[in-house]
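Below is upload11.txt, which holds compact mmCIF, C-alpha atoms and all ligand atoms.
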# COMPACT_ATOMS: atom_id res chain seq x y z
CA MET M 229 -16.07 18.06 -3.88
CA LEU M 230 -14.14 14.90 -3.11
CA ASP M 231 -11.82 13.12 -5.55
CA ARG M 232 -12.80 9.52 -5.08
CA ILE M 233 -11.84 7.52 -8.13
CA PHE M 234 -10.34 4.35 -6.65
CA THR M 235 -9.36 2.69 -9.94
CA PRO M 236 -6.52 1.80 -10.33
CA PHE M 237 -6.52 0.73 -6.70
CA PRO M 238 -4.26 2.90 -4.53
CA THR M 239 -1.85 0.44 -2.88
CA LEU M 240 -0.05 2.23 -0.03
CA THR M 241 3.09 1.41 1.90
CA THR M 242 4.37 2.36 5.35
CA GLU M 243 7.53 1.46 7.23
CA ARG M 244 6.33 -2.05 8.10
CA LEU M 245 3.14 -2.52 6.09
CA ILE M 246 1.54 -2.81 2.68
CA LEU M 247 -2.08 -1.68 2.38
CA ARG M 248 -3.39 -3.49 -0.68
CA GLN M 249 -6.62 -4.40 -2.45
CA LEU M 250 -8.75 -7.12 -0.90
CA SER M 251 -8.93 -10.33 -2.95
CA ILE M 252 -11.09 -13.44 -2.89
CA ASP M 253 -7.96 -15.28 -1.71
CA ASP M 254 -8.31 -13.39 1.59
CA ASP M 255 -11.49 -15.34 2.34
CA LYS M 256 -10.09 -17.35 5.28
CA GLU M 257 -8.66 -14.29 7.01
CA ILE M 258 -11.82 -12.22 6.39
CA PHE M 259 -13.85 -15.07 7.83
CA ALA M 260 -11.48 -15.23 10.83
CA LEU M 261 -11.85 -11.48 11.42
CA ARG M 262 -15.60 -11.27 10.95
CA SER M 263 -16.36 -14.34 13.07
CA ASP M 264 -13.98 -13.54 15.94
CA ASN M 265 -15.75 -12.72 19.21
CA LYS M 266 -12.97 -10.44 20.40
CA VAL M 267 -12.90 -8.46 17.14
CA ASN M 268 -16.71 -8.30 16.96
CA LYS M 269 -17.23 -7.40 20.63
CA TYR M 270 -17.84 -3.68 20.06
CA LEU M 271 -18.91 -3.79 16.42
CA ASP M 272 -22.55 -3.41 15.48
CA ARG M 273 -22.61 -6.04 12.71
CA GLN M 274 -23.79 -9.48 11.80
CA PRO M 275 -20.86 -11.90 12.35
CA SER M 276 -19.80 -14.11 9.42
CA GLU M 277 -20.99 -17.66 10.00
CA THR M 278 -19.51 -19.41 6.98
CA ILE M 279 -16.65 -18.91 4.56
CA GLU M 280 -19.36 -18.16 1.96
CA ASP M 281 -20.45 -15.13 4.04
CA ALA M 282 -16.87 -13.91 3.92
CA ARG M 283 -16.69 -14.40 0.13
CA ARG M 284 -19.97 -12.54 -0.35
CA PHE M 285 -18.57 -9.71 1.78
CA ILE M 286 -15.37 -9.54 -0.33
CA ASN M 287 -17.41 -9.37 -3.56
CA LYS M 288 -19.63 -6.65 -2.12
CA VAL M 289 -16.57 -4.60 -1.14
CA SER M 290 -15.11 -4.95 -4.67
CA GLN M 291 -18.34 -3.73 -6.25
CA SER M 292 -18.57 -0.78 -3.84
CA ILE M 293 -14.98 0.24 -4.63
CA LYS M 294 -15.78 0.16 -8.37
CA LYS M 295 -18.73 2.49 -7.70
CA SER M 296 -16.45 4.72 -5.55
CA ASP M 297 -18.80 4.24 -2.60
CA LEU M 298 -15.97 3.19 -0.33
CA ILE M 299 -12.29 2.30 -0.26
CA TYR M 300 -11.14 -0.72 1.70
CA TRP M 301 -7.59 -1.93 2.23
CA ALA M 302 -6.21 -5.29 3.35
CA ILE M 303 -3.37 -4.71 5.82
CA THR M 304 -0.33 -6.99 5.43
CA MET M 305 3.24 -6.94 6.69
CA ALA M 306 5.58 -5.73 3.93
CA ASP M 307 7.26 -9.13 3.56
CA LYS M 308 4.13 -11.34 3.76
CA ASN M 309 0.94 -11.33 1.73
CA ASN M 310 -1.47 -12.66 4.38
CA LEU M 311 -4.16 -10.25 5.57
CA LEU M 312 -3.87 -9.35 9.24
CA GLY M 313 -6.49 -6.62 9.37
CA THR M 314 -8.44 -4.13 7.31
CA ILE M 315 -9.02 -0.39 7.18
CA CYS M 316 -11.61 1.51 5.17
CA LEU M 317 -13.10 4.90 4.38
CA PHE M 318 -16.83 4.92 3.67
CA ASP M 319 -20.06 6.93 3.83
CA PHE M 320 -18.55 9.86 1.92
CA SER M 321 -20.25 13.25 1.90
CA ASP M 322 -19.19 15.32 -1.13
CA GLU M 323 -21.02 18.34 0.28
CA LYS M 324 -19.23 18.26 3.63
CA ASN M 325 -15.91 16.76 2.39
CA LYS M 326 -16.12 14.08 5.04
CA CYS M 327 -16.44 10.32 5.52
CA GLU M 328 -16.27 7.62 8.17
CA ILE M 329 -13.28 5.39 9.01
CA GLY M 330 -13.41 1.74 10.12
CA TYR M 331 -10.62 -0.68 11.07
CA GLU M 332 -9.99 -4.07 12.63
CA LEU M 333 -7.05 -6.35 13.37
CA LEU M 334 -6.88 -10.07 14.04
CA PRO M 335 -6.17 -10.51 17.79
CA ASP M 336 -2.63 -11.88 17.18
CA PHE M 337 -1.66 -8.59 15.54
CA GLN M 338 -3.13 -6.17 18.08
CA GLY M 339 -0.92 -4.28 20.54
CA GLN M 340 1.97 -3.77 18.08
CA GLY M 341 1.22 -0.32 16.72
CA ILE M 342 0.09 -1.77 13.39
CA MET M 343 -3.22 0.09 13.25
CA LYS M 344 -1.56 3.32 14.30
CA GLU M 345 0.80 2.98 11.32
CA ALA M 346 -2.03 2.11 8.92
CA THR M 347 -4.35 4.85 10.20
CA SER M 348 -1.67 7.50 9.81
CA LYS M 349 -1.27 6.54 6.15
CA ILE M 350 -5.01 6.45 5.50
CA ILE M 351 -5.57 9.87 7.08
CA GLU M 352 -2.77 11.22 4.87
CA PHE M 353 -4.38 9.58 1.80
CA GLY M 354 -7.81 10.88 2.79
CA ILE M 355 -6.61 14.45 3.15
CA ARG M 356 -4.10 14.68 0.30
CA THR M 357 -5.68 12.46 -2.36
CA VAL M 358 -9.41 12.42 -1.61
CA GLY M 359 -9.60 15.98 -0.26
CA LEU M 360 -11.26 15.14 3.06
CA GLU M 361 -11.59 17.87 5.65
CA GLU M 362 -13.29 15.73 8.27
CA ILE M 363 -13.21 12.02 9.25
CA GLU M 364 -15.62 10.43 11.72
CA ALA M 365 -15.43 7.21 13.70
CA PHE M 366 -18.32 5.60 15.58
CA THR M 367 -16.91 3.80 18.58
CA HIS M 368 -18.58 1.86 21.37
CA LYS M 369 -18.29 3.62 24.74
CA ASP M 370 -16.27 0.68 26.19
CA ASN M 371 -13.95 0.21 23.19
CA GLN M 372 -10.80 1.49 24.84
CA ASN M 373 -8.36 0.27 22.18
CA SER M 374 -10.23 2.11 19.44
CA THR M 375 -10.64 5.22 21.61
CA LYS M 376 -6.90 5.29 22.37
CA LEU M 377 -6.09 4.93 18.68
CA LEU M 378 -8.38 7.80 17.67
CA GLU M 379 -7.09 10.08 20.41
CA LYS M 380 -3.52 9.58 19.15
CA PHE M 381 -4.57 11.40 15.98
CA GLY M 382 -6.52 14.16 17.67
CA PHE M 383 -10.03 12.79 17.00
CA LYS M 384 -12.41 14.59 19.40
CA LYS M 385 -15.13 12.64 21.20
CA SER M 386 -18.71 13.95 20.97
CA THR M 387 -20.05 15.28 24.26
CA GLU M 388 -23.26 13.25 23.84
CA PRO M 389 -23.62 9.64 22.65
CA ASP M 390 -25.04 8.95 19.18
CA LYS M 391 -28.80 9.56 19.18
CA THR M 392 -29.73 6.41 17.27
CA ASN M 393 -27.34 4.16 19.20
CA PRO M 394 -26.56 5.50 22.69
CA ASP M 395 -23.74 2.98 23.30
CA TYR M 396 -21.67 4.70 20.62
CA PHE M 397 -19.81 8.00 20.56
CA ILE M 398 -18.79 9.87 17.42
CA PHE M 399 -15.13 10.84 17.21
CA THR M 400 -14.30 13.57 14.72
CA PHE M 401 -10.99 14.44 13.11
CA LYS M 402 -10.82 17.85 11.42
CA THR M 403 -7.93 18.90 9.23
CA SER M 404 -8.14 22.29 10.91
CA THR M 405 -7.58 20.87 14.42
CA GLY M 406 -6.37 17.24 14.08
CA GLN M 407 -2.82 16.37 15.02
CA TYR M 408 -1.56 15.46 11.62
C1 LIG M 501 -9.15 -1.00 17.48
C2 LIG M 501 -7.92 -1.84 17.19
C3 LIG M 501 -7.68 -1.89 15.69
C4 LIG M 501 -6.71 -1.20 17.90
O1 LIG M 501 -5.58 -2.01 17.66
P1 LIG M 501 -4.21 -1.77 18.49
O2 LIG M 501 -3.26 -2.78 18.05
O3 LIG M 501 -4.54 -1.66 19.93
O4 LIG M 501 -3.83 -0.30 17.98
P2 LIG M 501 -2.42 0.38 17.72
O5 LIG M 501 -1.93 0.03 16.38
O6 LIG M 501 -2.62 1.83 18.00
O7 LIG M 501 -1.46 -0.27 18.77
C5 LIG M 501 -1.40 0.26 20.08
C6 LIG M 501 -0.74 -0.68 21.02
O8 LIG M 501 0.45 -1.23 20.45
C7 LIG M 501 1.57 -1.00 21.33
N1 LIG M 501 2.78 -0.94 20.50
C8 LIG M 501 3.70 -1.93 20.42
N2 LIG M 501 4.63 -1.62 19.50
C9 LIG M 501 4.30 -0.41 19.00
C10 LIG M 501 4.87 0.44 18.02
N3 LIG M 501 5.97 0.09 17.35
N4 LIG M 501 4.26 1.62 17.74
C11 LIG M 501 3.14 1.98 18.37
N5 LIG M 501 2.54 1.21 19.32
C12 LIG M 501 3.12 0.02 19.62
C13 LIG M 501 1.19 0.26 22.05
O9 LIG M 501 1.87 0.38 23.28
C14 LIG M 501 -0.31 0.03 22.27
O10 LIG M 501 -0.51 -0.91 23.31
P3 LIG M 501 -1.39 -0.54 24.59
O11 LIG M 501 -2.79 -0.29 24.08
O12 LIG M 501 -1.27 -1.73 25.45
O13 LIG M 501 -0.78 0.71 25.14
C15 LIG M 501 -8.09 -3.29 17.73
O14 LIG M 501 -8.31 -3.25 19.11
C16 LIG M 501 -9.23 -4.05 17.05
O15 LIG M 501 -9.08 -4.60 15.97
N6 LIG M 501 -10.40 -4.10 17.71
C17 LIG M 501 -11.53 -4.83 17.17
C18 LIG M 501 -12.20 -4.09 16.04
C19 LIG M 501 -12.70 -2.71 16.49
O16 LIG M 501 -13.21 -2.57 17.59
N7 LIG M 501 -12.58 -1.71 15.61
C20 LIG M 501 -12.99 -0.37 15.91
C21 LIG M 501 -14.09 0.05 15.04
S1 LIG M 501 -14.62 1.71 15.46
Would it be possible to restate this file's structure as C-alpha cells?
Ligand SMILES: CC(C)(COP(=O)(O)OP(=O)(O)OC[C@H]1O[C@@H](n2cnc3c(N)ncnc32)[C@H](O)[C@@H]1OP(=O)(O)O)[C@@H](O)C(=O)NCCC(=O)NCCS
Amino acid sequence: MLDRIFTPFPTLTTERLILRQLSIDDDKEIFALRSDNKVNKYLDRQPSETIEDARRFINKVSQSIKKSDLIYWAITMADKNNLLGTICLFDFSDEKNKCEIGYELLPDFQGQGIMKEATSKIIEFGIRTVGLEEIEAFTHKDNQNSTKLLEKFGFKKSTEPDKTNPDYFIFTFKTSTGQY
C-alpha cells in the first residue's frame, strides 16, 4: 500500500534546485512549455493553445494533488522562483506499489543536468516517502534525451513497444535492480 498524502505539499531541494508546488502564477511558463514544438515533439498530448488552457491545466493539477491522484512539482533554480520545467508521479497502483513518471524542461534549460538532478530526488522521494517499488516511463522510440536520462538511473527498456501505441516503449525502474 502506498503512502500518498500530498498535503502539506512536499517541497524538495537539491544542490541547485527547488522542486515546489505549481501555482497559477506559473501560467506563462506552463503555457510556454505546453505550446513549445520542441518540448511537445515526442509527447502524446494536446498542446496548449492559449494561456487559459495553461490555467485550466494548473487548476486540474491542483485538484488531482488534493485527491492524491498525482504529485506534480515545478522545477526552479534555488535562487529564482521562475518555473523552468516540471516533474510528476502519476497513475499510482496501490496493489503493485508502482506509478508512472513524467518530466519536461523548457528548451533553454535542457542539456545542463537539471532533469537528472530533479529525477534523482523524485525517485528518492518515491521510494522512501511514497513506498514505490517500481516506476514506469513511456517514451517515444526516437526520444533520445529522455531515453538517456532514464538509462542513467537503470530504467530498463521493454523488449517490445507498447501494444496500444507502438511508437512508445515502456521503461521500468525497480528498487530491486535500479541503480539508486
Ligand atoms: C527529456 C528531457 C527532460 C531531458 O533533459 P536533459 O536536459 O537532456 O536531461 P539531463 O538533466 O539528464 O541533462 C543531460 C545533459 O546535460 C549535460 N550536462 C551539463 N551539465 C551537467 C551536469 N552538471 N550534470 C549532468 N549533466 C550535465 C549532459 O552532458 C547531458 O547532455 P548530452 O545529452 O548532450 O550528453 C528534455 O529533453 C525534455 O524536456 N524533452 C521534452 C519533454 C519530453 O520529451 N519528456 C519526456 C517524457 S517521457
Show me, as CSV, the residues of segment 256-296 of chain M having an atom within 12 Å of segment 334-354 of chain M, each with the closest atom pair and its distance in Å, using all atoms listed in the file.
residue,atom,partner,partner_atom,distance
M:Lys256,CA,M:Leu334,CA,11.8
M:Glu257,CA,M:Leu334,CA,8.4
M:Ile258,CA,M:Leu334,CA,9.4
M:Phe259,CA,M:Leu334,CA,10.6
M:Ala260,CA,M:Leu334,CA,7.6
M:Leu261,CA,M:Leu334,CA,5.8
M:Arg262,CA,M:Leu334,CA,9.3
M:Ser263,CA,M:Leu334,CA,10.4
M:Asp264,CA,M:Leu334,CA,8.1
M:Asn265,CA,M:Pro335,CA,9.9
M:Lys266,CA,M:Pro335,CA,7.3
M:Val267,CA,M:Leu334,CA,7.0
M:Asn268,CA,M:Leu334,CA,10.4
M:Lys269,CA,M:Pro335,CA,11.8
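Considering all atoms listed in the file, the residue among M:Leu333, M:Ile233, M:Leu240, M:Leu378 positioned nearest to ligand LIG 501 (chain M) is M:Leu333.
Nearest-residue note for Leu247 of chain M: choosing from M:Thr314, M:Ser404, M:Ser321, M:Thr357, the minimum distance belongs to M:Thr314, counting all atoms listed in the file.
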With a distance cut-off of 8 Å and all atoms listed in the file, select the neighbouring residues of segment 322-327 of chain M, excluding the residue or stretch itself and same-chain residues fewer than 3 positions from it, and output the selection as a PyMOL selection string.
chain M and resi 229-230+317-319+359-364
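Taking atom CA of Glu328 of chain M and atom C5 of ligand LIG 501 (chain M) as the two end points, the separation is 20.4 Å.
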Go through M:Gln249, M:Lys384, M:Asp255, M:Ser276 one by one, measure the shortest atom-to-atom distance of each to Pro236 of chain M using all atoms listed in the file, and give the residue with the smallest value.
M:Gln249
Pick out the residues sitting within 9 Å of Ile299 of chain M, and hand them over as a PyMOL selection string; count all atoms listed in the file, and ignore anything fewer than 5 positions along from it in its own chain.
chain M and resi 232+234+237+289-290+292-293+315-318
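Distances to Arg248 of chain M were evaluated for M:Ile329, M:Ile286, M:Ala306, M:Leu271 using all atoms listed in the file, and the minimum falls at M:Ala306.
The space between atom CA of Leu312 of chain M and atom CA of Glu379 of chain M spans 22.6 Å.
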Padding of 6 Å on every side, edges along x, y and z, all listed atoms of ligand LIG 501 (chain M) included: what centre and edge lengths in Å, to one decimal, does that box have, as AutoDock Vina command-line options?
--center_x -4.3 --center_y -1.4 --center_z 20.2 --size_x 32.6 --size_y 18.8 --size_z 22.4
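Proximity to ligand LIG 501 (chain M) was assessed for M:Thr241, M:Asn393, M:Asn371, M:Asn287 counting all atoms listed in the file; the smallest distance is recorded for M:Asn371.
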Which residue out of M:Asp254, M:Asp390, M:Glu332, M:Asp272 has the minimum interatomic distance to ligand LIG 501 (chain M) when all atoms listed in the file are used?
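When distances to ligand LIG 501 (chain M) are compared using all atoms listed in the file, the smallest one comes from M:Glu332.
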Point-to-point distance in Å for atom CA of Phe383 of chain M and atom C12 of ligand LIG 501 (chain M)
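These atoms are spaced 18.5 Å apart.
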